[in-house]
$ cat run_30.txt   # compact mmCIF, C-alpha atoms
# COMPACT_ATOMS: atom_id res chain seq x y z
CA MET A 1 148.53 -35.64 75.08
CA GLU A 2 150.20 -36.48 71.79
CA GLN A 3 150.35 -33.97 68.99
CA SER A 4 152.08 -33.95 65.62
CA VAL A 5 154.13 -30.80 65.14
CA LEU A 6 156.08 -29.07 62.38
CA ILE A 7 159.35 -27.49 63.45
CA PRO A 8 160.52 -24.58 61.28
CA ARG A 9 164.08 -24.87 60.01
CA GLY A 10 164.89 -22.10 57.57
CA HIS A 11 163.14 -23.00 54.33
CA ASP A 12 162.64 -26.56 55.53
CA THR A 13 160.40 -28.20 58.09
CA LEU A 14 161.13 -30.96 60.56
CA ALA A 15 158.26 -33.30 61.35
CA GLY A 16 157.83 -34.25 64.98
CA MET A 17 155.58 -35.65 67.69
CA LEU A 18 155.17 -33.85 70.98
CA TYR A 19 154.16 -35.85 74.06
CA GLN A 20 152.93 -33.72 76.94
CA PRO A 21 152.18 -35.01 80.44
CA ASP A 22 148.60 -34.68 81.64
CA GLY A 23 149.70 -33.11 84.90
CA GLU A 24 152.65 -31.01 85.97
CA ILE A 25 155.59 -30.91 83.54
CA ARG A 26 158.81 -31.54 85.46
CA CYS A 27 161.20 -31.40 82.52
CA GLY A 28 161.43 -31.70 78.76
CA MET A 29 163.41 -34.00 76.51
CA VAL A 30 164.29 -34.12 72.83
CA MET A 31 164.79 -37.61 71.45
CA CYS A 32 167.47 -38.06 68.80
CA ASN A 33 166.87 -40.98 66.46
CA PRO A 34 169.53 -43.18 64.96
CA LEU A 35 169.86 -43.20 61.18
CA PHE A 36 169.65 -45.63 58.28
CA GLU A 37 167.88 -48.93 58.96
CA GLU A 38 168.39 -48.52 62.70
CA ARG A 39 165.87 -45.68 62.69
CA LYS A 40 163.14 -47.95 61.36
CA SER A 41 163.93 -50.86 63.67
CA SER A 42 164.01 -48.64 66.75
CA HIS A 43 160.87 -46.66 65.97
CA ARG A 44 158.47 -48.52 68.24
CA VAL A 45 160.79 -48.56 71.26
CA MET A 46 161.35 -44.81 70.88
CA VAL A 47 157.56 -44.27 70.82
CA ASP A 48 157.08 -46.51 73.86
CA ALA A 49 159.82 -44.63 75.69
CA ALA A 50 158.37 -41.20 74.79
CA ARG A 51 154.98 -42.23 76.13
CA ALA A 52 156.46 -43.65 79.32
CA PHE A 53 158.54 -40.53 79.98
CA ALA A 54 155.54 -38.27 79.32
CA ALA A 55 153.43 -40.30 81.76
CA ASN A 56 156.23 -39.67 84.25
CA GLY A 57 156.03 -35.87 83.95
CA CYS A 58 158.59 -35.31 81.20
CA ALA A 59 157.41 -33.64 77.98
CA VAL A 60 159.06 -35.35 75.01
CA LEU A 61 159.69 -34.28 71.45
CA ARG A 62 160.51 -36.90 68.82
CA PHE A 63 161.40 -35.62 65.38
CA ASP A 64 162.84 -36.62 62.02
CA TYR A 65 166.14 -35.10 60.91
CA ILE A 66 166.17 -33.07 57.73
CA GLY A 67 166.14 -35.39 54.71
CA CYS A 68 164.77 -38.25 56.84
CA GLY A 69 161.33 -39.67 57.60
CA ASP A 70 158.53 -37.11 57.23
CA SER A 71 160.78 -34.05 57.27
CA THR A 72 161.52 -32.12 54.10
CA GLY A 73 164.71 -32.48 52.06
CA ASP A 74 166.64 -35.29 50.40
CA PHE A 75 168.84 -37.52 52.53
CA LYS A 76 171.80 -37.23 50.16
CA ASP A 77 171.98 -33.45 50.64
CA PHE A 78 172.62 -33.56 54.38
CA SER A 79 175.10 -34.78 56.94
CA CYS A 80 175.99 -34.79 60.63
CA PRO A 81 176.41 -31.01 61.14
CA ASP A 82 172.92 -30.48 59.65
CA TRP A 83 171.42 -33.08 61.96
CA ARG A 84 173.17 -31.61 65.00
CA GLU A 85 171.69 -28.28 64.01
CA ASP A 86 168.27 -29.99 63.79
CA ILE A 87 168.66 -31.00 67.43
CA THR A 88 169.18 -27.37 68.42
CA HIS A 89 166.09 -26.34 66.41
CA ALA A 90 164.09 -29.08 68.11
CA ALA A 91 165.32 -28.02 71.55
CA ARG A 92 164.42 -24.40 70.87
CA PHE A 93 160.99 -25.44 69.59
CA MET A 94 160.43 -27.58 72.66
CA THR A 95 161.23 -24.71 74.99
CA GLY A 96 158.99 -22.36 73.02
CA GLN A 97 156.06 -24.76 72.95
CA THR A 98 156.12 -25.84 76.57
CA GLY A 99 157.89 -23.05 78.42
CA ILE A 100 160.15 -25.67 79.99
CA ASN A 101 163.64 -24.60 80.88
CA ARG A 102 164.79 -27.92 82.34
CA LEU A 103 165.64 -29.66 79.11
CA GLY A 104 167.49 -32.86 78.25
CA LEU A 105 168.47 -34.89 75.20
CA LEU A 106 168.14 -38.62 74.68
CA GLY A 107 169.87 -40.25 71.73
CA LEU A 108 170.24 -43.77 70.40
CA ARG A 109 173.30 -45.04 68.49
CA LEU A 110 174.32 -42.39 65.93
CA GLY A 111 171.58 -40.19 67.39
CA ALA A 112 173.34 -40.42 70.76
CA SER A 113 176.62 -39.36 69.17
CA LEU A 114 174.90 -36.41 67.48
CA ALA A 115 173.23 -35.47 70.78
CA TYR A 116 176.56 -35.65 72.61
CA GLU A 117 178.15 -33.27 70.13
CA ALA A 118 175.09 -31.00 69.95
CA THR A 119 175.14 -30.22 73.66
CA ARG A 120 177.83 -27.60 73.16
CA MET A 121 175.49 -25.84 70.69
CA ILE A 122 172.60 -25.74 73.19
CA GLY A 123 173.20 -23.38 76.05
CA SER A 124 171.38 -24.79 79.03
CA LEU A 125 170.87 -28.53 79.05
CA GLU A 126 169.93 -30.26 82.25
CA PHE A 127 170.86 -33.80 81.22
CA THR A 128 171.85 -36.07 78.33
CA VAL A 129 170.97 -39.74 77.99
CA LEU A 130 173.02 -41.83 75.58
CA TRP A 131 171.65 -45.23 74.63
CA GLU A 132 174.46 -47.32 73.15
CA PRO A 133 176.28 -44.37 71.57
CA LEU A 134 178.67 -44.81 68.65
CA ILE A 135 181.91 -43.65 70.18
CA HIS A 136 184.25 -44.07 67.22
CA GLY A 137 182.61 -43.22 63.92
CA ARG A 138 185.35 -44.82 61.83
CA ARG A 139 184.89 -48.18 63.56
CA HIS A 140 181.13 -47.94 63.11
CA PHE A 141 181.43 -47.13 59.43
CA ASP A 142 183.87 -49.97 58.85
CA ASN A 143 181.35 -52.32 60.47
CA GLU A 144 178.60 -50.94 58.23
CA LEU A 145 180.71 -51.64 55.15
CA ARG A 146 181.37 -55.17 56.36
CA ARG A 147 177.66 -55.61 57.00
CA LYS A 148 177.05 -54.66 53.38
CA LEU A 149 179.47 -57.41 52.33
CA VAL A 150 177.70 -59.90 54.59
CA ARG A 151 174.33 -58.96 53.08
CA GLU A 152 175.73 -59.49 49.59
CA MET A 153 177.15 -62.81 50.67
CA MET A 154 173.77 -63.91 51.98
CA THR A 155 172.00 -62.73 48.83
CA PHE A 156 174.45 -63.74 46.13
CA GLY A 157 176.55 -66.39 47.88
CA GLN A 158 179.65 -64.19 47.74
CA SER A 159 180.33 -60.52 48.39
CA ARG A 160 180.70 -58.66 45.10
CA VAL A 161 182.66 -55.69 46.43
CA THR A 162 185.33 -55.08 49.03
CA ARG A 163 185.72 -52.30 51.56
CA ALA A 164 188.67 -51.06 49.54
CA THR A 165 186.57 -50.61 46.39
CA LEU A 166 183.80 -48.88 48.34
CA LEU A 167 186.26 -46.51 49.98
CA LYS A 168 187.85 -45.84 46.59
CA ASP A 169 184.44 -44.81 45.24
CA LEU A 170 184.02 -42.38 48.15
CA GLU A 171 187.52 -40.99 47.63
CA ASP A 172 186.67 -40.46 43.97
CA GLY A 173 183.66 -38.40 44.99
CA GLN A 174 181.05 -41.08 44.33
CA PRO A 175 178.29 -41.92 46.82
CA ILE A 176 177.91 -45.53 47.87
CA ASP A 177 174.73 -47.38 48.75
CA LEU A 178 174.18 -48.62 52.30
CA ASP A 179 170.82 -50.30 52.84
CA GLY A 180 169.32 -48.13 50.11
CA TYR A 181 170.71 -44.87 51.54
CA ALA A 182 173.15 -42.85 49.47
CA VAL A 183 176.21 -42.23 51.61
CA THR A 184 178.01 -39.25 50.13
CA PRO A 185 181.71 -38.55 50.58
CA ARG A 186 180.71 -35.70 52.91
CA LEU A 187 178.58 -37.96 55.11
CA PHE A 188 181.34 -40.57 55.11
CA HIS A 189 183.82 -37.93 56.28
CA ASP A 190 181.50 -36.61 58.97
CA ILE A 191 180.60 -40.02 60.39
CA THR A 192 184.18 -41.25 60.42
CA SER A 193 185.24 -38.04 62.17
CA ILE A 194 183.08 -38.82 65.19
CA ASP A 195 185.23 -39.42 68.26
CA LEU A 196 183.33 -38.89 71.49
CA ILE A 197 186.40 -39.52 73.64
CA LYS A 198 188.12 -36.54 72.03
CA ALA A 199 184.95 -34.49 72.35
CA ALA A 200 184.48 -35.36 76.02
CA ALA A 201 186.00 -32.14 77.37
CA GLN A 202 183.24 -30.18 75.63
CA GLY A 203 180.54 -32.78 76.14
CA PRO A 204 177.42 -32.67 78.31
CA ARG A 205 177.64 -32.07 82.07
CA LYS A 206 175.17 -34.66 83.38
CA VAL A 207 175.22 -37.85 81.40
CA LEU A 208 173.65 -41.28 81.57
CA LEU A 209 175.51 -43.84 79.45
CA VAL A 210 173.48 -46.97 78.81
CA HIS A 211 174.90 -50.22 77.48
CA ILE A 212 172.10 -52.28 75.94
CA ALA A 213 172.59 -56.04 75.55
CA PRO A 214 170.88 -59.20 76.79
CA SER A 215 173.88 -60.02 78.97
CA GLY A 216 177.46 -59.07 79.70
CA ALA A 217 179.27 -56.06 81.05
CA ALA A 218 179.55 -52.73 79.27
CA PRO A 219 182.29 -52.66 76.64
CA ARG A 220 185.57 -51.03 77.53
CA GLU A 221 185.05 -48.06 75.23
CA LEU A 222 182.00 -46.95 77.22
CA SER A 223 184.07 -47.01 80.39
CA VAL A 224 186.75 -44.99 78.60
CA LEU A 225 184.13 -42.43 77.55
CA LYS A 226 182.90 -42.27 81.13
CA GLU A 227 186.42 -41.63 82.43
CA ALA A 228 187.09 -39.01 79.75
CA SER A 229 183.83 -37.24 80.60
CA LEU A 230 184.60 -37.37 84.32
CA ASP A 231 188.03 -35.88 83.60
CA GLY A 232 186.20 -33.09 81.78
CA GLY A 233 184.23 -32.35 84.94
CA ALA A 234 180.96 -34.05 83.99
CA ARG A 235 178.75 -36.17 86.21
CA VAL A 236 178.45 -39.52 84.43
CA ASP A 237 176.55 -42.68 85.31
CA LEU A 238 177.18 -45.84 83.31
CA ILE A 239 174.56 -48.58 83.53
CA SER A 240 173.56 -51.69 81.62
CA ALA A 241 170.05 -52.52 80.46
CA GLU A 242 169.45 -56.17 79.70
CA GLU A 243 167.54 -55.85 76.46
CA ASP A 244 167.93 -57.09 72.91
CA PRO A 245 169.68 -54.75 70.46
CA PHE A 246 166.31 -53.54 69.16
CA TRP A 247 167.84 -51.15 66.60
CA ASN A 248 168.94 -54.22 64.65
CA LEU A 249 165.78 -56.28 64.99
CA VAL A 250 162.75 -56.59 62.78
CA GLY A 251 159.38 -56.78 64.52
CA LEU A 252 157.98 -55.53 67.78
CA VAL A 253 160.38 -55.41 70.71
CA GLU A 254 159.66 -54.24 74.23
CA CYS A 255 162.36 -52.74 76.41
CA PRO A 256 160.82 -52.24 79.87
CA SER A 257 164.11 -52.44 81.74
CA LEU A 258 165.77 -49.82 79.54
CA ILE A 259 162.84 -47.44 79.88
CA GLU A 260 162.44 -47.92 83.65
CA LYS A 261 166.16 -47.45 84.37
CA THR A 262 166.29 -44.33 82.23
CA LYS A 263 163.14 -42.96 83.87
CA GLY A 264 164.61 -43.56 87.31
CA TRP A 265 167.79 -41.67 86.43
CA ILE A 266 165.86 -38.74 84.98
CA ASN A 267 163.73 -38.61 88.13
CA LEU A 268 166.89 -38.48 90.21
CA ILE A 269 168.53 -35.80 88.10
CA THR A 270 165.45 -33.59 87.92
CA SER A 271 164.43 -34.03 91.55
CA ASN A 272 165.10 -31.11 93.83
CA THR A 273 168.04 -32.86 95.46
CA GLY A 274 169.48 -33.97 92.12
CA GLN A 275 172.25 -35.96 93.81
CA PRO A 276 172.82 -39.72 93.68
CA MET B 1 191.01 -83.53 67.43
CA THR B 2 192.00 -79.96 66.61
CA GLU B 3 188.93 -79.60 64.41
CA GLU B 4 186.72 -80.72 67.31
CA LYS B 5 188.18 -78.07 69.50
CA ILE B 6 187.56 -75.37 66.93
CA GLU B 7 183.96 -76.53 66.56
CA ASP B 8 183.38 -76.42 70.31
CA ARG B 9 184.88 -72.96 70.57
CA LEU B 10 182.77 -71.84 67.65
CA LYS B 11 179.59 -73.18 69.23
CA ARG B 12 180.31 -71.44 72.53
CA MET B 13 180.98 -68.22 70.70
CA ILE B 14 177.92 -68.52 68.49
CA ALA B 15 175.64 -69.13 71.47
CA SER B 16 177.05 -66.29 73.55
CA ARG B 17 177.77 -63.58 70.97
CA LEU B 18 174.57 -64.15 69.03
CA PHE B 19 172.53 -64.48 72.23
CA LEU B 20 171.01 -67.75 71.05
CA LYS B 21 168.66 -69.21 73.59
CA ILE B 22 170.15 -72.69 73.25
CA ALA B 23 173.12 -74.44 74.82
CA PRO B 24 176.31 -74.51 72.70
CA GLU B 25 176.29 -78.31 72.65
CA ALA B 26 172.80 -78.27 71.16
CA ILE B 27 174.12 -76.60 68.00
CA GLU B 28 174.56 -79.30 65.39
CA ASP B 29 177.63 -79.32 63.18
CA ASN B 30 175.85 -79.69 59.87
CA LYS B 31 172.68 -77.71 60.39
CA SER B 32 172.33 -74.40 58.58
CA LEU B 33 173.27 -71.42 60.74
CA MET B 34 170.85 -69.24 58.78
CA ASP B 35 167.88 -71.55 58.28
CA ASP B 36 168.01 -73.53 61.52
CA TYR B 37 169.49 -71.07 64.01
CA GLY B 38 168.17 -67.80 62.59
CA VAL B 39 171.55 -66.20 61.94
CA ASP B 40 170.97 -63.04 59.87
CA SER B 41 173.25 -60.42 58.36
CA VAL B 42 173.56 -58.52 61.64
CA SER B 43 174.46 -61.57 63.70
CA LEU B 44 176.69 -62.92 60.95
CA LEU B 45 178.78 -59.78 61.14
CA GLU B 46 178.96 -60.22 64.90
CA LEU B 47 180.14 -63.76 64.21
CA VAL B 48 182.86 -62.57 61.81
CA VAL B 49 184.16 -60.08 64.38
CA GLY B 50 183.97 -62.73 67.12
CA ILE B 51 185.90 -65.27 65.06
CA GLU B 52 188.65 -62.77 64.34
CA GLU B 53 188.96 -61.96 68.05
CA GLU B 54 188.65 -65.54 69.30
CA PHE B 55 191.04 -67.15 66.81
CA GLY B 56 193.36 -64.24 66.05
CA ILE B 57 192.76 -64.42 62.32
CA VAL B 58 191.67 -61.91 59.70
CA ILE B 59 188.88 -62.74 57.30
CA PRO B 60 189.55 -60.77 54.11
CA ASP B 61 186.61 -59.22 52.28
CA GLU B 62 187.30 -61.46 49.29
CA GLU B 63 186.56 -64.53 51.40
CA PHE B 64 183.08 -63.49 52.43
CA SER B 65 181.50 -66.55 50.86
CA ILE B 66 178.43 -68.36 52.09
CA LYS B 67 180.17 -71.72 51.72
CA HIS B 68 182.41 -70.81 54.67
CA PHE B 69 179.55 -69.68 56.91
CA ALA B 70 176.81 -72.16 56.12
CA THR B 71 177.34 -74.53 59.07
CA VAL B 72 179.55 -74.95 62.11
CA ALA B 73 181.41 -77.73 60.26
CA ALA B 74 182.13 -75.47 57.27
CA LEU B 75 183.13 -72.63 59.54
CA ALA B 76 185.46 -74.85 61.55
CA ALA B 77 187.20 -76.03 58.37
CA PHE B 78 187.54 -72.44 57.18
CA VAL B 79 188.88 -71.18 60.52
CA GLY B 80 191.26 -74.14 60.70
CA SER B 81 192.65 -73.36 57.25
CA LYS B 82 193.12 -69.69 58.12
CA MET B 83 194.90 -70.59 61.36
CA SER B 84 197.25 -72.93 59.52
CA ALA B 85 198.01 -70.28 56.94
CA GLU B 86 198.81 -67.53 59.45

$ encode --input "run_30.txt" --output "structure tokens"
Amino acid sequence: MEQSVLIPRGHDTLAGMLYQPDGEIRCGMVMCNPLFEERKSSHRVMVDAARAFAANGCAVLRFDYIGCGDSTGDFKDFSCPDWREDITHAARFMTGQTGINRLGLLGLRLGASLAYEATRMIGSLEFTVLWEPLIHGRRHFDNELRRKLVREMMTFGQSRVTRATLLKDLEDGQPIDLDGYAVTPRLFHDITSIDLIKAAAQGPRKVLLVHIAPSGAAPRELSVLKEASLDGGARVDLISAEEDPFWNLVGLVECPSLIEKTKGWINLITSNTGQP
Amino acid sequence: MTEEKIEDRLKRMIASRLFLKIAPEAIEDNKSLMDDYGVDSVSLLELVVGIEEEFGIVIPDEEFSIKHFATVAALAAFVGSKMSAE
């Protein structure tokens, strides 16, 4: 059963979709979207995944962060700590709606990074699934700035700004435009402060790290995150799913391998044995 | 001769990093990377990062110009000039 829901958040409201299994509910999961253009490109795969997990006995809640999608608020007024808080509201709502106490998070890209950091704010999480998480926010943001230059180059023949001028604007307290989204100095600071390796000691306890690419081994930084999480006492599995980077693609994309592998891991973790 | 080598390396890199479903040798030197091979802003950034890693050069923001990235031939000339300068 699929049902649109409104999640209270102080004076605001988060819009969501709740997917409930027809039969017995084995566990629950909150899905954490990426942001900016990646949210739009990944929408269909996230819906497909939610439906597949629900058909497998896992109730799923998808929702829009405050200032995004159908939720209330303006994007420019919010940043990473607000969106991490949204995840805790969504988790609490999920538990209240379904009575499930075996709860997990699944995040994609920046949503995975937010989920990773939100786990310390949610008391009892059973598992966390990270699809291609952004491990170093500064590197990600630098790439986003370069992507802006590339877009300008493709539109105008030559980039009209440099990263230095964009960063200067942020330092001077001015927002900059990325794909039509106003990135405020606060959001810039919060994204560039993301460092999952440093956060690993306080990260989730049971983690599935998924590298998503049509071919090739997982990048070194995912292995480093795995090692750091293991050092922190977590159980971590690192796998690859041979799929296109759907968060960057326009049009319909199917990711059966990604969904099946994730489903298999969740089954394992939430089975009564729970051991690999 | 050197230019040829750069072009071959570029083609291998383009095919693998951009996940093109064609063999590197099938990429033609003077065909448009955008119009003929579907390179978009996302894959072009991947290409920039790949070139910097593969050839050990830095592409400054000021040199993000379509004339350098239009074709493999243009890209090879650009990379060659950056390698000579560094």

$ residues_around --input "run_30.txt" --residues "Pro204 of chain A" --least-positions-apart "6" --cutoff "12 Å" --atoms "all atoms listed in the file" --output "PyMOL selection string"
chain A and resi 104-106+112-130+196+225-226+228-230+232-236

$ residues_around --input "run_30.txt" --residues "segment 7-22 of chain B" --least-positions-apart "4" --cutoff "9 Å" --atoms "only C-alpha atoms" --output "list in words"
Pro214, Ser215 and Asp244 of chain A; Thr2, Glu3, Ala26, Ile27, Glu28, Asp29, Tyr37, Gly38, Val39, Ser43, Leu44, Glu46, Leu47, Gly50, Ile51, Glu54, Val72, Ala73, Leu75, Ala76 and Ala77 of chain B

$ closest_residue --input "run_30.txt" --among "A:Leu145, A:Cys68, A:Ala199, A:Val253" --to "chain B" --atoms "only C-alpha atoms"
A:Leu145

$ atom_distance --input "run_30.txt" --atom1 "atom CA of Trp247 of chain A" --atom2 "atom CA of Lys40 of chain A"
7.7 Å

$ closest_residue --input "run_30.txt" --among "A:Pro185, A:Pro34, A:Pro81, A:Pro8" --to "Leu134 of chain A" --atoms "only C-alpha atoms"
A:Pro34

$ interface_residues --input "run_30.txt" --of "chain A" --to "chain B" --cutoff "9 Å" --atoms "all atoms listed in the file" --output "list of chain:residue names"
A:Asn143, A:Arg146, A:Arg147, A:Lys148, A:Leu149, A:Val150, A:Arg151, A:Glu152, A:Met153, A:Met154, A:Phe156, A:Gly157, A:Gln158, A:Ser159, A:Arg160, A:Val161, A:Thr162, A:Arg163, A:Ala164, A:Pro214, A:Ser215, A:Asp244, A:Asn248, A:Leu249

$ closest_residue --input "run_30.txt" --among "A:Arg62, A:Arg109, A:Lys168, A:His43" --to "Glu2 of chain A" --atoms "all atoms listed in the file"
A:Arg62

$ residues_around --input "run_30.txt" --residues "Arg138 of chain A" --least-positions-apart "5" --cutoff "7 Å" --atoms "all atoms listed in the file" --output "PyMOL selection string"
chain A and resi 191-193

$ atom_distance --input "run_30.txt" --atom1 "atom CA of Ser81 of chain B" --atom2 "atom CA of Asp142 of chain A"
25.0 Å

$ atom_distance --input "run_30.txt" --atom1 "atom CA of Phe75 of chain A" --atom2 "atom CA of Trp131 of chain A"
23.6 Å

$ closest_residue --input "run_30.txt" --among "A:His11, A:Lys198, A:Arg102, A:Arg92" --to "Ser271 of chain A" --atoms "all atoms listed in the file"
A:Arg102

$ residues_around --input "run_30.txt" --residues "Cys255 of chain A" --least-positions-apart "3" --cutoff "12 Å" --atoms "all atoms listed in the file" --output "PyMOL selection string"
chain A and resi 42+44-49+52+212-214+241-247+252+258-262

$ closest_residue --input "run_30.txt" --among "B:Lys5, B:Glu25, B:Asn30, B:Ile57" --to "Thr71 of chain B" --atoms "all atoms listed in the file"
B:Asn30

$ residues_around --input "run_30.txt" --residues "His211 of chain A" --least-positions-apart "3" --cutoff "8 Å" --atoms "only C-alpha atoms" --output "number ranges by chain"
A: 131-132, 218-219, 222, 238-241

$ write_last_selection --input "run_30.txt" --atoms "C-alpha atoms" --output "short mmCIF file (atom, residue, chain, number, x, y, z; two decimals), in the coordinates of the input"
data_model
loop_
_atom_site.label_atom_id
_atom_site.label_comp_id
_atom_site.auth_asym_id
_atom_site.auth_seq_id
_atom_site.Cartn_x
_atom_site.Cartn_y
_atom_site.Cartn_z
CA TRP A 131 171.65 -45.23 74.63
CA GLU A 132 174.46 -47.32 73.15
CA ALA A 218 179.55 -52.73 79.27
CA PRO A 219 182.29 -52.66 76.64
CA LEU A 222 182.00 -46.95 77.22
CA LEU A 238 177.18 -45.84 83.31
CA ILE A 239 174.56 -48.58 83.53
CA SER A 240 173.56 -51.69 81.62
CA ALA A 241 170.05 -52.52 80.46
#
